[in-house]
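query21.csv (CSV, C-alpha atoms and all ligand atoms) appears below.
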chain,number,residue,atom,x,y,z
C,1,MET,CA,35.4,50.2,8.7
C,2,ARG,CA,32.9,52.3,10.7
C,3,CYS,CA,32.5,56.1,11.0
C,4,ARG,CA,32.6,57.6,14.5
C,5,CYS,CA,28.7,57.8,14.3
C,6,GLY,CA,28.4,54.0,13.7
C,7,ARG,CA,27.5,54.2,10.0
C,8,LYS,CA,29.6,52.5,7.3
C,9,ALA,CA,32.7,54.6,6.4
C,10,VAL,CA,33.0,55.6,2.7
C,11,TYR,CA,36.2,57.7,3.0
C,12,HIS,CA,39.5,57.5,4.8
C,13,ARG,CA,40.9,61.0,5.4
C,14,ARG,CA,44.5,60.0,5.6
C,15,GLN,CA,45.9,63.4,6.9
C,16,SER,CA,43.8,63.1,10.0
C,17,GLY,CA,43.3,59.3,10.2
C,18,GLN,CA,39.5,59.7,10.3
C,19,GLN,CA,37.1,57.1,8.8
C,20,LEU,CA,34.0,59.0,7.6
C,21,CYS,CA,30.5,58.0,6.4
C,22,ALA,CA,28.8,59.9,3.6
C,23,ILE,CA,26.8,62.1,6.0
C,24,CYS,CA,29.7,63.0,8.3
C,25,PHE,CA,32.0,63.6,5.3
C,26,SER,CA,29.5,66.1,3.7
C,27,LYS,CA,29.1,67.8,7.1
C,28,SER,CA,32.9,68.1,7.3
C,29,ILE,CA,33.1,69.8,3.9
C,30,HIS,CA,30.4,72.3,4.8
C,31,SER,CA,32.1,73.1,8.0
C,32,LYS,CA,35.6,73.5,6.3
C,33,PHE,CA,34.0,75.7,3.7
C,34,ARG,CA,32.3,77.9,6.3
C,35,LYS,CA,35.5,78.1,8.4
C,36,THR,CA,37.5,79.4,5.4
C,37,ILE,CA,34.7,82.0,4.7
C,38,ARG,CA,34.8,83.2,8.3
C,39,ALA,CA,38.6,83.2,8.7
C,40,HIS,CA,39.0,85.6,5.7
C,41,ASN,CA,35.7,87.5,5.9
C,42,TYR,CA,35.1,86.2,2.4
C,43,VAL,CA,31.3,86.9,2.4
C,44,GLU,CA,29.9,89.9,4.2
C,45,LYS,CA,26.3,91.0,4.7
C,46,GLY,CA,25.0,92.7,1.6
C,47,ASP,CA,27.9,91.6,-0.7
C,48,THR,CA,27.3,90.9,-4.4
C,49,ILE,CA,29.4,87.9,-5.3
C,50,ALA,CA,30.3,87.0,-8.8
C,51,VAL,CA,31.1,83.3,-9.2
C,52,GLY,CA,33.4,82.2,-12.0
C,53,LEU,CA,31.6,79.1,-13.2
C,54,SER,CA,33.0,76.5,-15.6
C,55,GLY,CA,30.7,73.6,-15.1
C,56,GLY,CA,33.6,71.5,-13.8
C,57,LYS,CA,33.5,70.0,-10.3
C,58,ASP,CA,35.2,72.8,-8.4
C,59,SER,CA,33.3,75.8,-9.5
C,60,THR,CA,30.0,73.9,-9.5
C,61,VAL,CA,30.5,72.6,-5.9
C,62,LEU,CA,31.4,76.2,-5.0
C,63,LEU,CA,28.1,77.5,-6.5
C,64,HIS,CA,26.2,74.9,-4.5
C,65,LEU,CA,28.0,75.6,-1.2
C,66,LEU,CA,27.5,79.4,-1.6
C,67,SER,CA,23.8,78.8,-2.4
C,68,ASP,CA,23.6,76.8,0.9
C,69,LEU,CA,25.4,79.6,2.8
C,70,LYS,CA,22.9,82.1,1.4
C,71,LYS,CA,20.1,80.4,3.4
C,72,ASP,CA,21.8,81.8,6.5
C,73,ARG,CA,23.2,85.2,5.5
C,74,PRO,CA,21.9,87.8,3.0
C,75,PHE,CA,24.1,88.3,0.0
C,76,GLU,CA,23.6,88.4,-3.7
C,77,MET,CA,25.2,86.0,-6.1
C,78,GLU,CA,25.6,85.9,-9.9
C,79,ALA,CA,27.5,83.5,-12.1
C,80,ILE,CA,30.0,84.4,-14.9
C,81,ILE,CA,30.5,81.7,-17.5
C,82,ILE,CA,33.3,82.0,-20.0
C,83,ASP,CA,33.4,80.4,-23.4
C,84,GLU,CA,37.1,80.2,-24.3
C,85,GLY,CA,36.5,78.6,-27.6
C,86,ILE,CA,37.7,75.0,-27.0
C,87,SER,CA,35.6,72.9,-29.3
C,88,THR,CA,33.9,69.6,-28.2
C,89,TYR,CA,35.0,70.4,-24.6
C,90,ARG,CA,33.4,73.8,-23.7
C,91,GLU,CA,30.0,73.2,-25.2
C,92,LYS,CA,29.3,70.4,-22.8
C,93,THR,CA,30.6,72.2,-19.7
C,94,ILE,CA,28.6,75.3,-20.5
C,95,GLU,CA,25.5,73.3,-20.7
C,96,VAL,CA,26.2,71.8,-17.2
C,97,ALA,CA,27.0,75.2,-15.8
C,98,ILE,CA,23.7,76.6,-17.0
C,99,LYS,CA,21.7,73.6,-15.7
C,100,ASN,CA,23.2,74.1,-12.2
C,101,CYS,CA,22.4,77.9,-12.3
C,102,GLU,CA,18.8,77.0,-13.2
C,103,ILE,CA,18.5,74.4,-10.5
C,104,LEU,CA,19.8,76.8,-7.8
C,105,GLY,CA,18.0,79.9,-9.3
C,106,VAL,CA,21.3,81.8,-9.9
C,107,GLU,CA,21.4,84.5,-12.6
C,108,TYR,CA,24.2,83.9,-15.1
C,109,HIS,CA,26.0,85.7,-17.8
C,110,ILE,CA,28.0,84.1,-20.6
C,111,TYR,CA,31.0,85.9,-22.3
C,112,SER,CA,33.2,84.5,-25.1
C,113,PHE,CA,36.8,85.1,-26.0
C,114,GLU,CA,35.8,85.3,-29.6
C,115,LYS,CA,33.4,88.2,-29.0
C,116,GLU,CA,35.5,90.0,-26.4
C,117,PHE,CA,39.0,89.5,-27.8
C,118,GLY,CA,38.5,88.2,-31.4
C,119,VAL,CA,40.3,84.9,-30.7
C,120,THR,CA,39.5,81.4,-29.6
C,121,ILE,CA,41.9,79.1,-27.6
C,122,ASP,CA,41.7,76.5,-30.4
C,123,ALA,CA,43.1,79.1,-32.8
C,124,CYS,CA,46.0,80.1,-30.5
C,125,ASP,CA,49.4,79.6,-32.0
C,126,SER,CA,51.4,77.3,-29.6
C,127,ARG,CA,54.6,78.9,-30.8
C,128,VAL,CA,53.6,82.2,-29.1
C,129,CYS,CA,52.8,80.5,-25.7
C,130,SER,CA,51.1,77.4,-24.4
C,131,HIS,CA,47.3,77.2,-24.7
C,132,CYS,CA,47.1,77.0,-21.0
C,133,SER,CA,48.9,80.2,-20.1
C,134,PHE,CA,47.2,82.2,-22.9
C,135,CYS,CA,43.8,80.9,-21.7
C,136,GLY,CA,44.7,81.7,-18.1
C,137,VAL,CA,45.7,85.3,-18.8
C,138,LEU,CA,42.6,86.0,-20.9
C,139,ARG,CA,40.2,84.3,-18.5
C,140,ARG,CA,41.6,86.2,-15.5
C,141,ASN,CA,41.3,89.5,-17.4
C,142,LEU,CA,37.7,88.8,-18.6
C,143,LEU,CA,36.5,87.5,-15.2
C,144,ASN,CA,37.8,90.6,-13.4
C,145,GLN,CA,36.4,93.0,-16.1
C,146,LYS,CA,33.0,91.5,-16.1
C,147,ALA,CA,32.7,91.1,-12.3
C,148,ARG,CA,33.6,94.8,-12.1
C,149,GLU,CA,31.0,95.8,-14.7
C,150,LEU,CA,28.4,93.7,-12.8
C,151,GLY,CA,29.2,95.7,-9.7
C,152,ALA,CA,30.4,92.6,-7.8
C,153,LYS,CA,32.1,93.2,-4.4
C,154,LYS,CA,34.1,90.0,-4.8
C,155,LEU,CA,34.9,87.4,-7.4
C,156,ALA,CA,34.6,83.8,-6.1
C,157,VAL,CA,36.8,81.2,-7.9
C,158,GLY,CA,36.7,77.4,-7.4
C,159,LEU,CA,40.4,76.9,-6.7
C,160,ASN,CA,40.9,74.0,-4.3
C,161,LEU,CA,43.8,73.1,-2.0
C,162,ASP,CA,45.7,71.2,-4.7
C,163,ASP,CA,45.4,74.2,-7.2
C,164,GLU,CA,46.7,76.5,-4.5
C,165,VAL,CA,49.8,74.5,-3.5
C,166,GLN,CA,50.6,73.9,-7.2
C,167,SER,CA,50.5,77.6,-7.9
C,168,VAL,CA,52.7,78.3,-4.8
C,169,LEU,CA,55.4,75.9,-6.0
C,170,MET,CA,55.1,76.9,-9.7
C,171,ASN,CA,55.6,80.6,-8.9
C,172,PHE,CA,58.5,79.8,-6.5
C,173,LEU,CA,60.2,77.5,-9.1
C,174,ARG,CA,59.8,80.2,-11.8
C,175,GLY,CA,61.3,82.8,-9.5
C,176,ASP,CA,58.2,84.9,-9.9
C,177,LEU,CA,58.3,86.4,-6.4
C,178,PHE,CA,55.7,89.1,-7.1
C,179,ARG,CA,53.1,86.4,-8.0
C,180,PHE,CA,54.5,84.0,-5.4
C,181,GLY,CA,53.4,86.5,-2.7
C,182,ARG,CA,50.0,86.9,-4.2
C,183,THR,CA,48.7,83.3,-4.1
C,184,GLY,CA,47.6,83.8,-0.5
C,185,PRO,CA,44.1,83.8,1.0
C,186,SER,CA,43.8,87.5,1.6
C,187,TYR,CA,42.5,90.0,-0.8
C,188,THR,CA,43.0,93.7,-1.3
C,189,GLU,CA,40.5,96.3,-2.2
C,190,SER,CA,41.3,98.1,-5.4
C,191,PRO,CA,39.2,100.2,-7.8
C,192,TYR,CA,40.5,98.1,-10.7
C,193,PHE,CA,40.6,94.6,-9.3
C,194,VAL,CA,37.6,92.9,-7.9
C,195,PRO,CA,39.0,91.0,-4.9
C,196,ARG,CA,39.2,87.2,-5.7
C,197,ILE,CA,38.0,84.9,-2.9
C,198,LYS,CA,38.9,81.2,-2.8
C,199,PRO,CA,36.4,79.5,-0.4
C,200,LEU,CA,37.6,75.9,-1.4
C,201,ARG,CA,41.3,76.6,-0.8
C,202,ASP,CA,41.3,74.4,2.3
C,203,ILE,CA,39.7,71.4,0.7
C,204,LEU,CA,41.6,68.7,-1.2
C,205,GLU,CA,40.7,68.2,-4.9
C,206,LYS,CA,39.7,64.6,-4.3
C,207,GLU,CA,37.4,65.7,-1.5
C,208,VAL,CA,35.7,68.2,-3.7
C,209,MET,CA,35.2,65.4,-6.2
C,210,LEU,CA,33.8,63.0,-3.6
C,211,TYR,CA,31.5,65.7,-2.3
C,212,ALA,CA,30.1,66.3,-5.8
C,213,ILE,CA,29.5,62.6,-6.2
C,214,LEU,CA,27.9,62.0,-2.8
C,215,SER,CA,25.7,65.1,-3.1
C,216,LYS,CA,24.7,64.0,-6.6
C,217,ILE,CA,25.7,67.4,-8.0
C,218,HIS,CA,25.7,67.3,-11.8
C,219,VAL,CA,29.2,68.2,-12.9
C,220,ASP,CA,31.2,67.7,-16.1
C,221,HIS,CA,34.2,65.4,-15.6
C,222,SER,CA,35.8,65.9,-19.0
C,223,VAL,CA,39.3,67.1,-19.0
C,224,CYS,CA,40.4,70.1,-21.1
C,225,PRO,CA,42.2,68.8,-24.2
C,226,TYR,CA,45.1,71.2,-23.6
C,227,ALA,CA,45.6,70.3,-19.9
C,228,SER,CA,48.5,68.0,-20.5
C,229,GLU,CA,50.9,70.6,-21.9
C,230,ALA,CA,51.2,72.6,-18.7
C,231,PHE,CA,54.1,72.9,-16.3
C,232,ARG,CA,51.4,72.4,-13.7
C,233,GLY,CA,51.1,68.8,-14.6
C,234,ASP,CA,54.6,68.0,-13.5
C,235,ILE,CA,54.1,69.9,-10.2
C,236,ARG,CA,50.8,68.1,-9.6
C,237,ASP,CA,52.5,64.7,-10.1
C,238,PHE,CA,55.3,65.6,-7.8
C,239,LEU,CA,53.0,66.8,-5.0
C,240,ASP,CA,50.7,63.7,-5.4
C,241,ARG,CA,53.8,61.5,-5.0
C,242,MET,CA,54.9,63.3,-1.9
C,243,GLU,CA,51.4,63.2,-0.4
C,244,SER,CA,51.0,59.5,-1.0
C,245,LYS,CA,54.1,59.0,1.3
C,246,ARG,CA,53.3,61.8,3.7
C,247,PRO,CA,49.6,62.5,3.8
C,248,THR,CA,49.9,66.0,5.4
C,249,THR,CA,52.3,67.4,2.7
C,250,LYS,CA,49.8,69.6,0.9
C,251,TYR,CA,48.3,71.0,4.1
C,252,SER,CA,51.6,71.8,5.6
C,253,LEU,CA,52.8,73.5,2.4
C,254,LEU,CA,49.7,75.7,2.4
C,255,ARG,CA,50.0,76.5,6.1
C,256,SER,CA,53.7,77.5,5.8
C,257,TYR,CA,53.0,79.5,2.7
C,258,ASP,CA,50.0,81.4,4.3
C,259,ARG,CA,52.3,82.4,7.2
C,260,LEU,CA,54.9,83.7,4.8
C,261,ALA,CA,52.5,85.5,2.4
C,262,PRO,CA,52.0,88.8,4.3
C,263,TYR,CA,55.8,89.3,4.5
C,264,LEU,CA,56.2,88.4,0.8
C,265,GLN,CA,53.5,90.9,-0.2
C,266,GLU,CA,55.2,93.6,1.8
C,267,GLN,CA,58.6,92.9,0.2
C,268,PHE,CA,57.5,92.4,-3.4
C,269,THR,CA,55.2,95.2,-4.4
C,270,SER,CA,54.4,96.8,-7.7
C,271,THR,CA,52.4,99.8,-8.7
C,272,ILE,CA,49.3,99.2,-10.7
C,273,SER,CA,48.7,101.4,-13.7
C,274,LEU,CA,46.3,101.1,-16.6
C,275,CYS,CA,47.2,99.4,-19.9
C,276,SER,CA,47.8,102.0,-22.6
C,277,GLN,CA,46.0,99.8,-25.1
C,278,CYS,CA,42.9,98.5,-23.4
C,279,GLY,CA,42.7,100.4,-20.1
C,280,GLU,CA,42.6,97.3,-17.9
C,281,PRO,CA,44.9,97.3,-14.8
C,282,THR,CA,48.5,96.0,-15.2
C,283,ILE,CA,51.9,96.3,-13.6
C,284,ASP,CA,53.5,97.1,-17.0
C,285,THR,CA,52.7,99.7,-19.7
C,286,ILE,CA,50.8,97.1,-21.7
C,287,CYS,CA,48.9,94.4,-20.0
C,288,LYS,CA,49.6,90.7,-20.5
C,289,THR,CA,46.4,90.1,-22.5
C,290,CYS,CA,47.2,92.9,-25.0
C,291,SER,CA,50.8,91.8,-25.4
C,292,MET,CA,49.8,88.2,-26.1
C,293,LEU,CA,47.1,89.3,-28.5
C,294,ASN,CA,49.6,91.6,-30.3
C,295,THR,CA,52.2,88.8,-30.7
C,296,ILE,CA,49.5,86.5,-32.1
C,297,LYS,CA,48.4,89.2,-34.6
C,298,LYS,CA,52.0,89.7,-35.7
C,299,MET,CA,52.5,85.9,-36.2
C,300,LYS,CA,49.4,85.8,-38.4
C,301,GLU,CA,50.5,88.7,-40.5
C,302,ARG,CA,53.8,87.0,-41.3
X,1,ZN,ZN,29.3,59.3,10.3
X,2,ZN,ZN,45.6,95.7,-22.3
Please express what this file holds, its structure, as structure tokens.
Ligand SMILES: [Zn+2]
Ligand SMILES: [Zn+2]
Amino acid sequence: MRCRCGRKAVYHRRQSGQQLCAICFSKSIHSKFRKTIRAHNYVEKGDTIAVGLSGGKDSTVLLHLLSDLKKDRPFEMEAIIIDEGISTYREKTIEVAIKNCEILGVEYHIYSFEKEFGVTIDACDSRVCSHCSFCGVLRRNLLNQKARELGAKKLAVGLNLDDEVQSVLMNFLRGDLFRFGRTGPSYTESPYFVPRIKPLRDILEKEVMLYAILSKIHVDHSVCPYASEAFRGDIRDFLDRMESKRPTTKYSLLRSYDRLAPYLQEQFTSTISLCSQCGEPTIDTICKTCSMLNTIKKMKER
């Protein structure tokens, strides 16, 4: 098959029916990325953007695309690398993350769960909660805290379209309407939360992967050893099955959701207060991080 430009096609974009060569495919990723940035005012002149960098394909591609964008508009960028304490897996990905920062000349900061919270994910007791939800809560907390301390205007995270639609369905199925309304593209200014931006949210996971391969970006492909225990895995399988029959499934779901999100946010609001234990923002008296850490401490004492 041939691309529109006459070169040999390397990718069939099923949702649009296009056959794309490597060059046209990469161009399309750049233009999708920039379109998302423009649509939501994700990057403004003079911004300092903290990038949550894991060394995996998504956040690494995000770092490269933002570096490319920097050539055209002035903004500052720094990377935050988190060591969750997952042996054999994290050492490798951190090495890759650092290497990419060095290649692109991006300043980076590394923080560990062990030093900040006194725990590692390996040591987490799975009777308290799944490794994934514990890790997710702690990482979100630490990324926000460190981005705020670095004086970042926004926190860029490497969530792709698949991640977004999985989160939408998960929150819906759990009946968590507060979070269901907050998976959207927009961000709100707050003194406690550094607004999270998701410039890859319109790009399919497999396209992020292909872009990394075609651009010869060094990423780590290893999968987290705890990934299989998540509810997310079932939702992912379901969405992939739907998409293989109807190639526009994920796009349509995201579009429908984005139109609903502003109404949901208006309906399901909560007041933000500060955690009585650690002082970080929360919608309860004690934040999720502290309540999980407290339970783990109690289990250990038993
Ligand atoms: Zn082409
Ligand atoms: Zn707390």
Please tabulate, as JSON lines, the residues of chain C that come within 6 Å of ligand ZN 1 (chain X), each with its closest pair of atoms and the distance in Å to one decimal, counting all atoms listed in the file and ordering rows by chain, then residue number upward.
{"residue": "C:Cys3", "atom": "CA", "partner": "X:ZN1", "partner_atom": "ZN", "distance": 4.6}
{"residue": "C:Arg4", "atom": "CA", "partner": "X:ZN1", "partner_atom": "ZN", "distance": 5.6}
{"residue": "C:Cys5", "atom": "CA", "partner": "X:ZN1", "partner_atom": "ZN", "distance": 4.3}
{"residue": "C:Arg7", "atom": "CA", "partner": "X:ZN1", "partner_atom": "ZN", "distance": 5.4}
{"residue": "C:Leu20", "atom": "CA", "partner": "X:ZN1", "partner_atom": "ZN", "distance": 5.4}
{"residue": "C:Cys21", "atom": "CA", "partner": "X:ZN1", "partner_atom": "ZN", "distance": 4.3}
{"residue": "C:Ile23", "atom": "CA", "partner": "X:ZN1", "partner_atom": "ZN", "distance": 5.7}
{"residue": "C:Cys24", "atom": "CA", "partner": "X:ZN1", "partner_atom": "ZN", "distance": 4.2}
Need to verify the contact set: Val119 of chain C, 9 Å, all atoms listed in the file, exclusion of same-chain residues closer than 4 positions in sequence. Can you return it as a PyMOL selection string? chain C and resi 84-85+113-115+123-124+293
Produce as a VMD selection string the set of residues near ligand ZN 2 (chain X), where near means within 8 Å with only C-alpha atoms and all ligand atoms considered. chain C and resid 274 to 282 286 to 291
Taking a cut-off of 8 Å and counting all atoms listed in the file, can you build a table that, for each residue of segment 88-184 of chain C near segment 39-59 of chain C, reports the nearest atom pair and how far apart they are in Å (one decimal), sorted by chain then residue number, as JSON lines?
{"residue": "C:Thr93", "atom": "CA", "partner": "C:Gly55", "partner_atom": "CA", "distance": 4.8}
{"residue": "C:Ile94", "atom": "CA", "partner": "C:Gly55", "partner_atom": "CA", "distance": 6.0}
{"residue": "C:Glu95", "atom": "CA", "partner": "C:Gly55", "partner_atom": "CA", "distance": 7.6}
{"residue": "C:Val96", "atom": "CA", "partner": "C:Gly55", "partner_atom": "CA", "distance": 5.3}
{"residue": "C:Ala97", "atom": "CA", "partner": "C:Gly55", "partner_atom": "CA", "distance": 4.1}
{"residue": "C:Ile98", "atom": "CA", "partner": "C:Gly55", "partner_atom": "CA", "distance": 7.8}
{"residue": "C:Leu143", "atom": "CA", "partner": "C:Gly52", "partner_atom": "CA", "distance": 6.9}
{"residue": "C:Ala147", "atom": "CA", "partner": "C:Ala50", "partner_atom": "CA", "distance": 5.9}
{"residue": "C:Gly151", "atom": "CA", "partner": "C:Thr48", "partner_atom": "CA", "distance": 7.4}
{"residue": "C:Ala152", "atom": "CA", "partner": "C:Thr48", "partner_atom": "CA", "distance": 4.9}
{"residue": "C:Lys153", "atom": "CA", "partner": "C:Thr48", "partner_atom": "CA", "distance": 5.3}
{"residue": "C:Lys154", "atom": "CA", "partner": "C:Ile49", "partner_atom": "CA", "distance": 5.2}
{"residue": "C:Leu155", "atom": "CA", "partner": "C:Ala50", "partner_atom": "CA", "distance": 4.8}
{"residue": "C:Ala156", "atom": "CA", "partner": "C:Val51", "partner_atom": "CA", "distance": 4.7}
{"residue": "C:Val157", "atom": "CA", "partner": "C:Gly52", "partner_atom": "CA", "distance": 5.4}
{"residue": "C:Gly158", "atom": "CA", "partner": "C:Ser59", "partner_atom": "CA", "distance": 4.3}
{"residue": "C:Leu159", "atom": "CA", "partner": "C:Asp58", "partner_atom": "CA", "distance": 6.8}
{"residue": "C:Asn160", "atom": "CA", "partner": "C:Asp58", "partner_atom": "CA", "distance": 7.1}
Please report the interatomic distance between atom CA of Lys146 of chain C and atom CA of His218 of chain C in Å with one decimal.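 Interatomic distance, atom CA of Lys146 of chain C to atom CA of His218 of chain C: 25.6 Å.
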Could you tell me how far atom CA of Tyr251 of chain C sits from atom CA of Val165 of chain C, in Å to one decimal place?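 So the two atoms, atom CA of Val165 of chain C and atom CA of Tyr251 of chain C, lie 8.5 Å apart.
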12 Å contact set for Gln267 of chain C, only C-alpha atoms, chain neighbours under 3 positions out, as a PyMOL selection string: chain C and resi 177-182+260-264+270
Which one of C:Ser190, C:Thr120, C:Gly184, C:Lys71 sits closest to Leu253 of chain C if you count only C-alpha atoms?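 When distances to Leu253 of chain C are compared using only C-alpha atoms, the smallest one comes from C:Gly184.
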Please complete segment 61-70 of chain C with all heavy atoms and give it back as a short mmCIF file (atom, residue, chain, number, x, y, z; two decimals), in the frame of the given file.
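out_7.cif written:
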data_model
loop_
_atom_site.label_atom_id
_atom_site.label_comp_id
_atom_site.auth_asym_id
_atom_site.auth_seq_id
_atom_site.Cartn_x
_atom_site.Cartn_y
_atom_site.Cartn_z
N VAL C 61 30.67 72.87 -7.37
CA VAL C 61 30.50 72.60 -5.90
C VAL C 61 30.52 73.96 -5.18
O VAL C 61 29.71 74.18 -4.28
CB VAL C 61 31.66 71.69 -5.42
CG1 VAL C 61 31.81 71.75 -3.91
CG2 VAL C 61 31.39 70.25 -5.86
N LEU C 62 31.39 74.89 -5.61
CA LEU C 62 31.40 76.20 -5.00
C LEU C 62 30.08 76.91 -5.09
O LEU C 62 29.58 77.47 -4.11
CB LEU C 62 32.53 77.06 -5.68
CG LEU C 62 32.63 78.52 -5.26
CD1 LEU C 62 33.00 78.65 -3.79
CD2 LEU C 62 33.66 79.26 -6.13
N LEU C 63 29.46 76.83 -6.26
CA LEU C 63 28.10 77.50 -6.50
C LEU C 63 27.11 76.87 -5.52
O LEU C 63 26.30 77.59 -4.92
CB LEU C 63 27.71 77.28 -7.93
CG LEU C 63 26.51 78.11 -8.39
CD1 LEU C 63 26.94 79.55 -8.65
CD2 LEU C 63 25.89 77.53 -9.67
N HIS C 64 27.15 75.55 -5.37
CA HIS C 64 26.20 74.90 -4.50
C HIS C 64 26.44 75.24 -3.01
O HIS C 64 25.50 75.50 -2.27
CB HIS C 64 26.25 73.36 -4.67
CG HIS C 64 25.48 72.89 -5.88
ND1 HIS C 64 24.26 72.28 -5.79
CD2 HIS C 64 25.77 72.97 -7.20
CE1 HIS C 64 23.82 72.01 -7.02
NE2 HIS C 64 24.72 72.40 -7.89
N LEU C 65 27.71 75.26 -2.61
CA LEU C 65 28.00 75.60 -1.20
C LEU C 65 27.66 77.05 -0.89
O LEU C 65 27.15 77.35 0.19
CB LEU C 65 29.49 75.32 -0.89
CG LEU C 65 29.90 73.84 -0.82
CD1 LEU C 65 31.42 73.71 -0.72
CD2 LEU C 65 29.25 73.14 0.38
N LEU C 66 27.89 77.95 -1.85
CA LEU C 66 27.50 79.40 -1.60
C LEU C 66 26.00 79.51 -1.55
O LEU C 66 25.49 80.28 -0.74
CB LEU C 66 28.11 80.24 -2.73
CG LEU C 66 29.59 80.61 -2.62
CD1 LEU C 66 30.09 81.27 -3.89
CD2 LEU C 66 29.86 81.52 -1.42
N SER C 67 25.29 78.75 -2.39
CA SER C 67 23.80 78.80 -2.40
C SER C 67 23.32 78.34 -1.00
O SER C 67 22.36 78.90 -0.47
CB SER C 67 23.24 77.86 -3.41
OG SER C 67 23.31 78.44 -4.64
N ASP C 68 23.97 77.33 -0.46
CA ASP C 68 23.60 76.80 0.90
C ASP C 68 23.86 77.88 1.94
O ASP C 68 23.05 78.10 2.84
CB ASP C 68 24.40 75.54 1.14
CG ASP C 68 24.04 74.94 2.48
OD1 ASP C 68 22.92 74.40 2.59
OD2 ASP C 68 24.86 75.03 3.41
N LEU C 69 25.00 78.57 1.80
CA LEU C 69 25.40 79.60 2.80
C LEU C 69 24.36 80.77 2.74
O LEU C 69 24.07 81.39 3.76
CB LEU C 69 26.77 80.14 2.44
CG LEU C 69 27.38 81.17 3.38
CD1 LEU C 69 27.77 80.53 4.70
CD2 LEU C 69 28.60 81.83 2.74
N LYS C 70 23.81 81.02 1.56
CA LYS C 70 22.90 82.10 1.40
C LYS C 70 21.59 81.94 2.20
O LYS C 70 20.90 82.92 2.48
CB LYS C 70 22.46 82.14 -0.12
CG LYS C 70 22.79 83.44 -0.79
CD LYS C 70 22.51 83.36 -2.27
CE LYS C 70 21.82 84.63 -2.70
NZ LYS C 70 20.58 84.51 -3.35
#
